[in-house]
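To be precise, the following lines are data_19.txt, and they hold compact mmCIF, C-alpha atoms.
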```
# COMPACT_ATOMS: atom_id res chain seq x y z
CA MET R 1 -85.87 1.86 -15.60
CA ASN R 2 -85.56 0.35 -19.05
CA TYR R 3 -84.55 -3.29 -18.33
CA LYS R 4 -83.41 -3.73 -21.91
CA VAL R 5 -80.34 -1.70 -20.97
CA ILE R 6 -79.12 -4.31 -18.47
CA PRO R 7 -77.89 -6.80 -21.09
CA LEU R 8 -76.14 -3.93 -22.82
CA PHE R 9 -74.31 -3.11 -19.58
CA ILE R 10 -73.29 -6.72 -19.21
CA VAL R 11 -71.94 -6.85 -22.71
CA LEU R 12 -70.04 -3.62 -22.24
CA LEU R 13 -68.63 -4.45 -18.82
CA ALA R 14 -67.81 -8.13 -19.39
CA PRO R 15 -64.45 -7.49 -21.07
CA ILE R 16 -63.40 -5.37 -18.13
CA TRP R 17 -64.30 -8.06 -15.64
CA ALA R 18 -62.63 -10.73 -17.74
CA GLY R 19 -59.46 -8.66 -18.08
CA SER R 20 -59.18 -7.92 -14.38
CA CYS R 21 -59.72 -11.57 -13.51
CA SER R 22 -57.05 -12.72 -15.94
CA LYS R 23 -54.64 -10.10 -14.58
CA ASP R 24 -54.97 -11.52 -11.08
CA GLU R 25 -54.36 -15.11 -12.19
CA PRO R 26 -50.59 -16.07 -12.11
CA ASP R 27 -48.70 -17.43 -15.16
CA GLU R 28 -48.16 -21.17 -15.11
CA PRO R 29 -44.90 -22.02 -16.84
CA GLY R 30 -44.34 -25.53 -18.10
CA GLU R 31 -43.18 -27.92 -15.46
CA LEU R 32 -39.48 -28.81 -15.61
CA VAL R 33 -38.74 -32.36 -16.65
CA PHE R 34 -35.08 -33.27 -17.08
CA GLN R 35 -35.35 -36.30 -19.27
CA SER R 36 -31.77 -37.30 -20.03
CA LEU R 37 -28.10 -36.39 -20.06
CA VAL R 38 -26.20 -38.25 -22.75
CA ALA R 39 -22.68 -38.20 -24.18
CA GLU R 40 -21.76 -39.35 -27.68
CA LYS R 41 -19.12 -41.61 -26.14
CA ASP R 42 -18.30 -42.53 -22.58
CA THR R 43 -14.63 -43.31 -23.19
CA ILE R 44 -12.21 -40.94 -24.88
CA ALA R 45 -8.49 -40.23 -25.10
CA PRO R 46 -6.71 -37.15 -23.74
CA GLY R 47 -7.17 -34.26 -26.14
CA GLU R 48 -10.36 -35.72 -27.58
CA THR R 49 -13.71 -33.97 -27.38
CA VAL R 50 -17.20 -35.39 -27.03
CA LYS R 51 -20.64 -33.79 -27.29
CA VAL R 52 -22.89 -33.96 -24.28
CA THR R 53 -26.60 -33.27 -24.64
CA ALA R 54 -29.18 -32.49 -22.01
CA THR R 55 -32.80 -33.09 -22.92
CA ALA R 56 -35.42 -31.33 -20.89
CA THR R 57 -38.81 -29.69 -21.16
CA GLY R 58 -40.13 -26.66 -19.37
CA SER R 59 -40.11 -22.93 -19.69
CA ARG R 60 -37.24 -20.48 -19.39
CA LEU R 61 -34.70 -23.23 -18.96
CA GLU R 62 -31.12 -22.42 -17.96
CA TYR R 63 -28.35 -25.00 -18.22
CA HIS R 64 -25.46 -24.95 -15.72
CA TRP R 65 -22.49 -27.15 -16.64
CA SER R 66 -19.42 -28.29 -14.78
CA ALA R 67 -16.78 -31.03 -15.03
CA SER R 68 -14.95 -32.67 -12.16
CA PRO R 69 -12.19 -33.24 -11.36
CA PHE R 70 -10.70 -32.49 -14.78
CA GLY R 71 -11.64 -31.47 -18.28
CA ASP R 72 -13.12 -28.39 -19.88
CA ILE R 73 -16.69 -27.62 -20.93
CA LEU R 74 -16.96 -25.75 -24.21
CA GLY R 75 -20.17 -24.14 -25.36
CA SER R 76 -23.40 -23.57 -23.48
CA GLY R 77 -27.08 -24.37 -23.51
CA ALA R 78 -28.56 -27.80 -24.01
CA GLU R 79 -25.54 -29.18 -25.85
CA VAL R 80 -21.90 -28.68 -24.93
CA THR R 81 -18.55 -30.23 -25.74
CA TYR R 82 -16.39 -31.89 -23.12
CA ALA R 83 -12.62 -31.68 -23.79
CA ALA R 84 -10.43 -34.25 -22.04
CA SER R 85 -7.17 -33.07 -20.55
CA PRO R 86 -3.99 -35.15 -20.14
CA CYS R 87 -4.24 -34.79 -16.38
CA GLY R 88 -7.79 -36.12 -16.54
CA VAL R 89 -6.91 -39.77 -17.08
CA GLY R 90 -9.49 -41.77 -15.21
CA THR R 91 -13.14 -41.08 -14.49
CA ASN R 92 -14.44 -37.53 -14.81
CA ARG R 93 -17.96 -36.46 -13.94
CA ILE R 94 -19.97 -34.03 -16.00
CA SER R 95 -22.80 -32.34 -14.19
CA CYS R 96 -25.73 -30.45 -15.69
CA ARG R 97 -28.12 -28.51 -13.50
CA ILE R 98 -31.23 -27.17 -15.20
CA THR R 99 -33.31 -24.42 -13.69
CA SER R 100 -36.68 -23.29 -14.96
CA GLY R 101 -38.81 -20.20 -14.72
CA SER R 102 -40.80 -21.83 -11.93
CA ALA R 103 -37.67 -21.79 -9.73
CA ARG R 104 -37.41 -25.55 -9.91
CA GLU R 105 -34.19 -27.30 -10.68
CA GLU R 106 -32.86 -30.74 -11.45
CA THR R 107 -29.37 -32.10 -11.78
CA LYS R 108 -28.01 -35.08 -13.66
CA THR R 109 -24.47 -36.38 -13.97
CA ILE R 110 -22.64 -38.70 -16.28
CA ASP R 111 -19.14 -40.14 -16.20
CA ILE R 112 -16.61 -39.93 -18.99
CA VAL R 113 -13.58 -42.18 -18.77
CA VAL R 114 -10.37 -40.75 -20.17
CA TYR R 115 -7.88 -43.50 -20.98
CA GLU R 116 -4.14 -43.19 -21.50
CA MET L 1 22.24 2.42 -0.34
CA SER L 2 21.19 5.37 -2.41
CA LYS L 3 17.57 6.10 -3.14
CA LYS L 4 18.34 5.73 -6.82
CA TRP L 5 19.42 2.14 -6.48
CA THR L 6 16.59 1.42 -4.10
CA LEU L 7 14.13 2.50 -6.74
CA LEU L 8 16.01 0.59 -9.40
CA ILE L 9 15.85 -2.57 -7.36
CA ALA L 10 12.16 -2.04 -6.84
CA GLY L 11 11.69 -1.70 -10.55
CA VAL L 12 13.83 -4.72 -11.29
CA PHE L 13 12.16 -7.07 -8.91
CA CYS L 14 8.59 -6.01 -8.76
CA CYS L 15 7.40 -8.68 -11.02
CA ILE L 16 8.91 -12.08 -10.84
CA TRP L 17 6.36 -13.55 -13.10
CA TYR L 18 6.21 -17.09 -14.09
CA THR L 19 4.44 -19.41 -16.32
CA ARG L 20 2.00 -21.48 -14.41
CA ALA L 21 2.40 -24.23 -16.94
CA GLN L 22 0.03 -26.70 -15.44
CA CYS L 23 -1.90 -29.37 -17.24
CA LEU L 24 -3.63 -27.57 -20.09
CA SER L 25 -2.81 -24.43 -18.23
CA SER L 26 -2.47 -20.98 -19.56
CA VAL L 27 0.55 -19.06 -18.50
CA ASN L 28 0.21 -17.07 -15.33
CA PRO L 29 2.00 -14.17 -13.77
CA VAL L 30 3.07 -13.70 -10.24
CA GLY L 31 3.22 -10.10 -9.41
CA GLY L 32 6.07 -10.66 -7.05
CA THR L 33 6.41 -8.50 -4.00
CA ASP L 34 10.01 -8.19 -4.86
CA ASN L 35 11.04 -4.81 -3.61
CA LEU L 36 14.22 -6.35 -2.36
CA LEU L 37 15.32 -3.98 0.32
CA VAL L 38 13.51 -2.30 3.18
CA LEU L 39 12.42 1.33 2.98
CA GLU L 40 13.46 4.13 5.25
CA LYS L 41 11.00 4.93 7.99
CA GLY L 42 8.02 6.91 6.76
CA THR L 43 8.74 6.23 3.09
CA VAL L 44 6.08 5.02 0.70
CA ARG L 45 6.83 3.22 -2.54
CA VAL L 46 4.29 2.51 -5.23
CA ILE L 47 4.92 0.15 -8.11
CA SER L 48 2.59 -0.69 -10.92
CA PHE L 49 3.25 -3.15 -13.68
CA TYR L 50 1.49 -4.55 -16.66
CA LYS L 51 2.23 -8.04 -17.98
CA PHE L 52 1.40 -9.91 -21.11
CA GLY L 53 2.05 -13.62 -21.13
CA GLN L 54 1.32 -16.41 -23.59
CA GLY L 55 2.01 -20.01 -24.48
CA ASN L 56 1.25 -22.08 -27.53
CA GLN L 57 3.43 -25.18 -27.39
CA TYR L 58 2.82 -28.32 -25.41
CA TYR L 59 5.65 -30.24 -23.79
CA GLU L 60 6.00 -33.81 -22.60
CA GLY L 61 8.84 -33.84 -20.17
CA GLY L 62 11.49 -31.70 -21.78
CA ASN L 63 10.39 -32.34 -25.34
CA ARG L 64 7.92 -30.57 -27.57
CA SER L 65 4.67 -32.46 -27.93
CA ASP L 66 2.17 -32.90 -30.75
CA PHE L 67 -0.69 -32.50 -28.28
CA ASP L 68 -2.75 -29.58 -29.49
CA LEU L 69 -6.10 -29.30 -27.72
CA ILE L 70 -5.30 -25.67 -26.86
CA SER L 71 -3.82 -23.65 -29.70
CA ARG L 72 -2.86 -20.71 -27.50
CA ALA L 73 -3.20 -19.43 -23.97
CA HIS L 74 -2.64 -15.80 -23.04
CA TYR L 75 -3.30 -13.23 -20.36
CA ASN L 76 -3.11 -9.52 -19.59
CA TYR L 77 -2.47 -8.60 -15.97
CA LEU L 78 -2.14 -5.36 -14.05
CA SER L 79 -0.67 -5.21 -10.57
CA LEU L 80 -0.22 -2.57 -7.90
CA ILE L 81 2.25 -2.85 -5.03
CA GLY L 82 2.40 -0.46 -2.11
CA SER L 83 5.20 -0.48 0.45
CA TYR L 84 5.59 1.51 3.65
CA GLY L 85 8.64 1.81 5.87
CA LEU L 86 7.36 1.21 9.40
CA THR L 87 10.88 1.52 10.74
CA ASN L 88 14.28 1.70 9.12
CA GLN L 89 14.45 -2.09 9.46
CA LEU L 90 10.89 -3.13 8.77
CA THR L 91 8.73 -2.56 5.70
CA LEU L 92 5.11 -3.53 5.19
CA GLU L 93 4.06 -4.40 1.66
CA VAL L 94 0.72 -5.06 0.00
CA GLU L 95 0.27 -6.31 -3.53
CA SER L 96 -2.83 -6.90 -5.58
CA GLY L 97 -3.58 -7.66 -9.18
CA TYR L 98 -6.29 -7.83 -11.80
CA PHE L 99 -6.58 -10.06 -14.83
CA PHE L 100 -8.12 -8.30 -17.79
CA ASN L 101 -8.24 -11.75 -19.30
CA LYS L 102 -6.96 -15.27 -18.86
CA THR L 103 -7.80 -17.02 -22.06
CA GLN L 104 -7.45 -20.45 -23.59
CA ASP L 105 -8.14 -20.81 -27.31
CA TYR L 106 -9.17 -24.34 -28.18
CA ASN L 107 -8.21 -26.09 -31.37
CA THR L 108 -11.70 -27.45 -31.95
CA ASP L 109 -14.17 -27.28 -34.82
CA PRO L 110 -15.65 -24.74 -34.47
CA ALA L 111 -12.93 -22.95 -32.55
CA TYR L 112 -13.80 -21.95 -29.00
CA SER L 113 -12.29 -19.83 -26.24
CA LEU L 114 -12.70 -19.76 -22.49
CA THR L 115 -11.85 -16.56 -20.63
CA GLY L 116 -11.74 -15.69 -16.97
CA LYS L 117 -11.09 -12.24 -15.57
CA GLY L 118 -11.11 -10.34 -12.32
CA LEU L 119 -9.18 -9.67 -9.17
CA ALA L 120 -6.54 -12.24 -8.35
CA ASN L 121 -4.97 -12.40 -4.90
CA ALA L 122 -3.67 -9.92 -2.36
CA VAL L 123 -0.27 -10.57 -0.80
CA VAL L 124 0.64 -8.91 2.49
CA LEU L 125 4.31 -9.11 3.42
CA ALA L 126 6.50 -7.94 6.26
CA LYS L 127 10.06 -7.39 5.13
CA HIS L 128 12.96 -7.06 7.55
CA SER L 129 16.56 -6.18 7.05
CA LEU L 130 18.79 -9.07 8.09
CA LEU L 131 22.18 -7.62 7.21
CA THR L 132 23.18 -4.10 6.23
CA ASP L 133 26.84 -3.62 5.45
CA HIS L 134 27.29 -0.20 3.89
CA PHE L 135 31.07 -0.49 3.93
CA ASN L 136 31.11 -3.58 1.74
CA ARG L 137 27.80 -2.64 0.10
CA PHE L 138 26.21 -5.97 0.90
CA TYR L 139 22.62 -6.32 2.01
CA ILE L 140 20.29 -9.14 2.98
CA THR L 141 16.58 -8.95 3.67
CA GLY L 142 13.97 -11.54 4.52
CA SER L 143 10.22 -11.42 4.35
CA ALA L 144 7.17 -13.46 5.20
CA GLY L 145 3.52 -12.98 4.50
CA VAL L 146 0.16 -14.32 3.48
CA LYS L 147 -1.66 -14.64 0.20
CA ILE L 148 -5.36 -13.84 0.37
CA PRO L 149 -7.72 -14.62 -2.50
CA PHE L 150 -10.18 -11.92 -3.49
CA SER L 151 -12.77 -14.60 -3.99
CA ARG L 152 -13.15 -18.05 -2.50
CA GLU L 153 -15.51 -19.18 -5.22
CA LEU L 154 -14.42 -20.37 -8.63
CA GLN L 155 -15.73 -18.38 -11.54
CA TRP L 156 -18.46 -19.40 -13.96
CA SER L 157 -18.92 -17.97 -17.45
CA GLU L 158 -21.86 -15.76 -18.33
CA ASN L 159 -23.36 -18.80 -20.04
CA HIS L 160 -23.42 -20.77 -16.79
CA VAL L 161 -20.40 -22.95 -17.51
CA LYS L 162 -17.82 -23.48 -14.80
CA LEU L 163 -14.43 -22.26 -16.00
CA PRO L 164 -11.38 -24.54 -15.67
CA VAL L 165 -8.83 -23.67 -13.01
CA GLU L 166 -6.32 -22.61 -15.64
CA VAL L 167 -8.34 -19.50 -16.55
CA GLN L 168 -9.51 -18.65 -13.04
CA PRO L 169 -8.14 -15.28 -11.86
CA THR L 170 -7.71 -16.85 -8.45
CA ILE L 171 -7.90 -20.44 -7.27
CA GLY L 172 -9.63 -19.18 -4.15
CA ALA L 173 -7.10 -20.54 -1.68
CA PHE L 174 -5.03 -18.92 1.03
CA GLY L 175 -1.28 -19.25 0.99
CA ALA L 176 1.99 -18.26 2.61
CA VAL L 177 4.93 -16.48 1.00
CA PHE L 178 8.55 -16.44 2.16
CA SER L 179 11.45 -14.74 0.47
CA ALA L 180 15.05 -13.69 0.94
CA SER L 181 17.18 -11.29 -1.06
CA LEU L 182 20.88 -10.62 -1.33
CA VAL L 183 22.27 -7.47 -2.93
CA LYS L 184 25.89 -6.72 -3.67
CA GLU L 185 26.98 -3.41 -5.16
CA GLN L 186 30.20 -2.45 -6.87
CA SER L 187 29.89 1.29 -7.19
CA GLY L 188 33.20 1.75 -8.92
CA THR L 189 32.16 -0.33 -11.89
CA GLY L 190 28.47 0.49 -11.75
CA MET L 191 27.72 -3.20 -11.39
CA ARG L 192 25.22 -4.73 -9.03
CA TYR L 193 24.34 -8.33 -8.33
CA PHE L 194 21.11 -9.53 -6.80
CA PHE L 195 19.89 -12.93 -5.80
CA THR L 196 16.34 -13.61 -4.68
CA ASN L 197 14.62 -16.69 -3.45
CA ARG L 198 10.86 -16.94 -3.00
CA VAL L 199 8.73 -19.83 -1.76
CA GLU L 200 4.95 -20.00 -2.03
CA THR L 201 2.81 -22.62 -0.37
CA HIS L 202 -0.94 -22.94 -0.59
CA ALA L 203 -3.84 -24.38 1.31
CA ALA L 204 -6.58 -26.22 -0.55
CA ASN L 205 -9.52 -24.24 -1.84
CA LYS L 206 -13.17 -25.01 -1.17
CA GLU L 207 -13.14 -27.76 -3.78
CA ASP L 208 -10.07 -29.37 -2.26
CA TYR L 209 -7.81 -28.24 -5.09
CA ARG L 210 -4.35 -27.39 -3.83
CA LEU L 211 -1.62 -25.73 -5.83
CA GLY L 212 1.81 -27.28 -5.48
CA THR L 213 4.52 -25.47 -3.58
CA SER L 214 6.52 -23.16 -5.82
CA VAL L 215 10.13 -22.04 -5.50
CA TYR L 216 11.63 -19.20 -7.54
CA ASN L 217 15.31 -18.34 -7.69
CA SER L 218 16.60 -15.34 -9.60
CA LEU L 219 20.03 -13.95 -10.29
CA TYR L 220 20.27 -10.40 -11.60
CA ILE L 221 23.27 -8.65 -13.06
CA SER L 222 22.83 -4.93 -13.36
CA LYS L 223 25.01 -2.43 -15.14
CA HIS L 224 24.53 1.32 -14.92
CA LEU L 225 25.14 2.76 -18.37
CA ARG L 226 27.53 5.64 -17.88
CA GLN L 227 28.23 6.54 -21.43
CA PRO L 228 27.44 10.24 -22.09
CA VAL L 229 24.75 9.36 -24.61
CA PHE L 230 22.71 7.72 -21.85
CA LYS L 231 22.94 10.81 -19.62
CA ASP L 232 23.14 8.70 -16.46
CA ASN L 233 19.49 7.69 -16.78
CA TRP L 234 19.73 4.16 -18.14
CA THR L 235 20.49 0.81 -16.55
CA ALA L 236 20.70 -2.55 -18.27
CA ILE L 237 19.79 -5.67 -16.32
CA LEU L 238 19.95 -9.34 -17.12
CA GLN L 239 17.90 -11.79 -15.08
CA ILE L 240 18.34 -15.54 -15.01
CA ARG L 241 15.42 -17.18 -13.30
CA ASN L 242 14.52 -20.69 -12.25
CA GLU L 243 11.00 -21.76 -11.31
CA ILE L 244 10.24 -25.06 -9.64
CA ARG L 245 6.70 -26.25 -9.02
CA ALA L 246 5.52 -29.34 -7.22
CA HIS L 247 2.45 -31.29 -8.28
CA ASP L 248 -0.99 -29.90 -7.59
CA THR L 249 -3.35 -32.15 -5.69
CA VAL L 250 -7.07 -32.67 -6.09
CA GLU L 251 -8.97 -34.22 -3.20
CA GLY L 252 -5.65 -35.32 -1.79
CA LYS L 253 -4.52 -37.08 -4.96
CA LYS L 254 -1.63 -35.95 -7.08
CA LYS L 255 -2.68 -34.26 -10.30
CA GLU L 256 -0.77 -35.83 -13.14
CA SER L 257 0.62 -33.41 -15.70
CA SER L 258 1.30 -30.76 -13.09
CA GLY L 259 4.58 -29.53 -11.71
CA SER L 260 7.52 -28.27 -13.70
CA ILE L 261 11.05 -26.90 -13.79
CA LEU L 262 11.62 -23.82 -15.93
CA PHE L 263 14.50 -21.49 -16.72
CA PHE L 264 14.17 -18.00 -18.14
CA VAL L 265 16.47 -15.27 -19.36
CA ALA L 266 14.99 -11.79 -19.05
CA PRO L 267 16.81 -8.76 -20.38
CA GLN L 268 15.58 -5.49 -18.95
CA LEU L 269 16.10 -1.78 -19.50
CA ASN L 270 15.50 0.75 -16.77
CA TYR L 271 15.05 4.50 -17.28
CA VAL L 272 14.95 7.21 -14.64
CA LEU L 273 12.54 10.01 -15.42
CA MET L 274 12.85 13.34 -13.58
CA ASP L 275 14.97 11.63 -10.88
CA ASP L 276 11.93 10.10 -9.22
CA TRP L 277 10.04 7.95 -11.70
CA TYR L 278 11.44 4.63 -12.74
CA LEU L 279 10.32 3.02 -15.96
CA SER L 280 11.28 -0.50 -16.94
CA GLY L 281 10.66 -2.86 -19.79
CA ILE L 282 11.33 -6.60 -19.55
CA VAL L 283 11.23 -9.42 -22.04
CA ASP L 284 10.85 -12.90 -20.55
CA ILE L 285 12.44 -15.60 -22.69
CA PRO L 286 12.04 -19.27 -21.71
CA VAL L 287 15.27 -21.18 -22.34
CA TYR L 288 14.51 -24.53 -20.72
CA GLN L 289 11.22 -26.16 -19.82
CA HIS L 290 10.54 -29.54 -18.27
CA PHE L 291 7.07 -30.67 -17.29
CA ASN L 292 5.56 -33.61 -15.55
CA GLY L 293 3.27 -35.27 -18.07
CA THR L 294 1.89 -33.12 -20.88
CA GLN L 295 1.50 -29.40 -20.28
CA LEU L 296 1.27 -26.13 -22.16
CA GLY L 297 4.61 -24.36 -21.98
CA ALA L 298 5.58 -20.73 -21.74
CA GLY L 299 6.18 -18.38 -24.63
CA VAL L 300 7.86 -15.02 -24.67
CA GLY L 301 6.27 -12.46 -22.37
CA PHE L 302 6.51 -8.73 -21.80
CA THR L 303 6.31 -6.52 -18.74
CA PHE L 304 6.24 -2.77 -18.28
CA ILE L 305 6.85 -1.25 -14.86
CA VAL L 306 6.42 2.19 -13.32
CA SER L 307 7.60 2.93 -9.80
CA LYS L 308 8.03 5.90 -7.52
CA THR L 309 9.01 6.52 -3.94
CA PHE L 310 7.43 9.21 -1.77
CA GLU L 311 9.03 10.71 1.32
CA MET L 312 6.21 11.25 3.81
```
What would the structure in this file look like if it were written as structure tokens?
Amino acid sequence: MNYKVIPLFIVLLAPIWAGSCSKDEPDEPGELVFQSLVAEKDTIAPGETVKVTATATGSRLEYHWSASPFGDILGSGAEVTYAASPCGVGTNRISCRITSGSAREETKTIDIVVYE
Amino acid sequence: MSKKWTLLIAGVFCCIWYTRAQCLSSVNPVGGTDNLLVLEKGTVRVISFYKFGQGNQYYEGGNRSDFDLISRAHYNYLSLIGSYGLTNQLTLEVESGYFFNKTQDYNTDPAYSLTGKGLANAVVLAKHSLLTDHFNRFYITGSAGVKIPFSRELQWSENHVKLPVEVQPTIGAFGAVFSASLVKEQSGTGMRYFFTNRVETHAANKEDYRLGTSVYNSLYISKHLRQPVFKDNWTAILQIRNEIRAHDTVEGKKKESSGSILFFVAPQLNYVLMDDWYLSGIVDIPVYQHFNGTQLGAGVGFTFIVSKTFEM
């Protein structure tokens, strides 16, 4: 056998081995870190609106918003607008739950006071 | 009572709709199970109606308000009611409905809308004749039933935002419905008078939101149009309706800016097609509105009804 051929085989077959190895290794999305949930103002009047921003890092983030007991969430994504209703006088809680591609999730809440 | 008037009554009353003028609320229909009288045994009645409702003016108490967070609220609703005469005294009725949209348009910069849609509630009623006086042409029926939500969960938008209760197709709560109807005919003059009363109570939903008890009273004056030009196919009806709503509660606490007293006038025209199909058009006109706190009031609405009875 011509042993000079062996290095040639290695060179030719190495990409195949490398490709198959990388195909078996799973993707590693960025780890979810929910850094902050902030509103422009924490006290507003009925009928007023305020921007609320969620800051987070990670991959394939999804933002889930809700307000309780009263008020409406307008928009979507990392920044939304909270609209205060007349029946919402008092403390209302805005909740943001972020999910990531790694199936992790984190939730933060803030309070907005609606005054008469 | 003749089949003709039975169908007419079904067409007249199938949709006591009302404006659910809650805090920041869009208007809302109630596809009322208001086939006033019982069916003959073995008879099936089907009613379908389409409603458009809207509101664009806030009220504080009985006065117009400058509050303008929502520029307009509107909905499109389709309902189907099926009734079956179990006996000559007892009728079983099932109603369901679907919101093509319940929308609130916000007066923000940029403008924004929130829309819910989907199946609303099913109402199952048992209706019984309480008084049948053919000689004097006076009839009374009573009914009781349950309201069953098609979903117990509140809806979220496609963008993962929880929709407010005012645009939810259903609040996700069970309820009870009670009603009574009185009908008086004057065949000689072609006049008929109807009075209906309906009470709806609700349990709290999963999030401890409970709709206030609602009471609806309606007086109808119906005149069969006998002039030759109408060919005995037309009936004109005038409805005067009162709607009373108690406060909603959230987690046991009264929700301010909820509850109202409303009055409507609703002219209606009814047409009989091929002796069996009844077609009706109604215009709902609010004439008095009083709200607790600040709420979005009702505007003019429209309803179109088709009904037919089948002898099995």
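When all atoms listed in the file are used to compute distances to chain R, the closest of the residues L:Tyr75, L:Tyr112, L:Phe52, L:Tyr84 turns out to be L:Tyr112.
Considering the residues R:Leu32, R:Val113, R:Ala54, R:Ala84 and counting all atoms listed in the file, chain L has its shortest atom-to-atom contact with R:Ala84.
The interface of chain L with chain R at 7 Å, considering all atoms listed in the file, consists of L:Cys23, L:Leu24, L:Leu69, L:Tyr112, L:Asn159, L:His160, L:Val161, L:Lys162, L:Pro164, L:Lys255, L:Glu256, L:Ser257, L:Thr294.
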Can you pull out the residues contacting Val114 in chain R? Cut-off 6 Å, using all atoms listed in the file, and skip same-chain residues under 6 positions away; I want them as an mmCIF file with C-alpha atoms, in the coordinates of the input.
```cif
data_model
loop_
_atom_site.group_PDB
_atom_site.id
_atom_site.type_symbol
_atom_site.label_atom_id
_atom_site.label_comp_id
_atom_site.auth_asym_id
_atom_site.auth_seq_id
_atom_site.Cartn_x
_atom_site.Cartn_y
_atom_site.Cartn_z
ATOM 1 C CA THR R 43 -14.630 -43.310 -23.190
ATOM 2 C CA ILE R 44 -12.210 -40.940 -24.880
ATOM 3 C CA ALA R 45 -8.490 -40.230 -25.100
ATOM 4 C CA VAL R 89 -6.910 -39.770 -17.080
ATOM 5 C CA GLY R 90 -9.490 -41.770 -15.210
#
```
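Here CA of Val250 in chain L and CA of Asn205 in chain L stand 9.8 Å from one another.
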What lies within 9 Å of Leu154 in chain L using all atoms listed in the file, ignoring chain neighbours under 6 positions off, as a CSV table (one decimal) with C-alpha atoms, in the frame of the given file?
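Output file result31.csv follows:
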```csv
chain,number,residue,atom,x,y,z
L,162,LYS,CA,-17.8,-23.5,-14.8
L,163,LEU,CA,-14.4,-22.3,-16.0
L,164,PRO,CA,-11.4,-24.5,-15.7
L,165,VAL,CA,-8.8,-23.7,-13.0
L,168,GLN,CA,-9.5,-18.6,-13.0
L,169,PRO,CA,-8.1,-15.3,-11.9
L,170,THR,CA,-7.7,-16.8,-8.4
L,171,ILE,CA,-7.9,-20.4,-7.3
L,172,GLY,CA,-9.6,-19.2,-4.2
L,206,LYS,CA,-13.2,-25.0,-1.2
L,207,GLU,CA,-13.1,-27.8,-3.8
```
Coordinates of box centre and edge lengths for range 114-120 of chain L, 8 Å on every side, axis-aligned, as lines of an AutoDock Vina configuration file:
```
center_x = -9.6
center_y = -14.7
center_z = -15.4
size_x = 22.2
size_y = 26.1
size_z = 30.1
```
**Asked** If you count all atoms listed in the file, which residues fall within 10 Å of Ser48 in chain L, apart from same-chain ones fewer than 2 positions away, as JSON, numbers by chain?
**Response** {"L": [11, 14, 15, 31, 46, 50, 78, 79, 80, 81, 82, 95, 96, 97, 279, 304, 305, 306, 307, 308]}
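The nearest approach to Tyr82 in chain R among the residues L:Thr108, L:Asn76, L:Thr91, L:Gln186, with all atoms listed in the file taken into account, belongs to L:Thr108.
As for CA of Leu262 in chain L and CA of Ser113 in chain L, they are spaced 26.3 Å apart.
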**Message:** Neighbouring residues of Ser129 in chain L were defined as those with any atom within 7 Å, considering all atoms listed in the file; residues of the same chain fewer than 6 positions away were excluded. Please report them as JSON, numbers by chain.
**Reply:** {"L": [38, 89, 90, 140, 141, 142]}
**Item:** Length of the CA of Asn101 in chain L to CA of Asn121 in chain L vector [Å]
**Value:** 14.8 Å
**Request:** Name the residues in contact with Ala180 in chain L at a cut-off of 10 Å, using only C-alpha atoms, excluding same-chain residues fewer than 5 positions from it; report them as a list in words.
**Result:** Asp34, Leu36, Leu37, Lys127, His128, Ser129, Leu130, Ile140, Thr141, Gly142, Ser143, Ala144, Phe195, Thr196, Asn197, Arg198, Val199 and Asn217 of chain L
**Request:** Using only C-alpha atoms, find the one residue out of R:Ile110, R:Ala56, R:Val50, R:Ile98 that sits nearest to Phe34 in chain R.
**Result:** R:Ala56
**Request:** Check the smallest atom-to-atom distance from each of L:Met191, L:Ala203, L:Val183, L:Leu238 to Tyr220 in chain L using all atoms listed in the file, then report the winner.
**Result:** L:Leu238
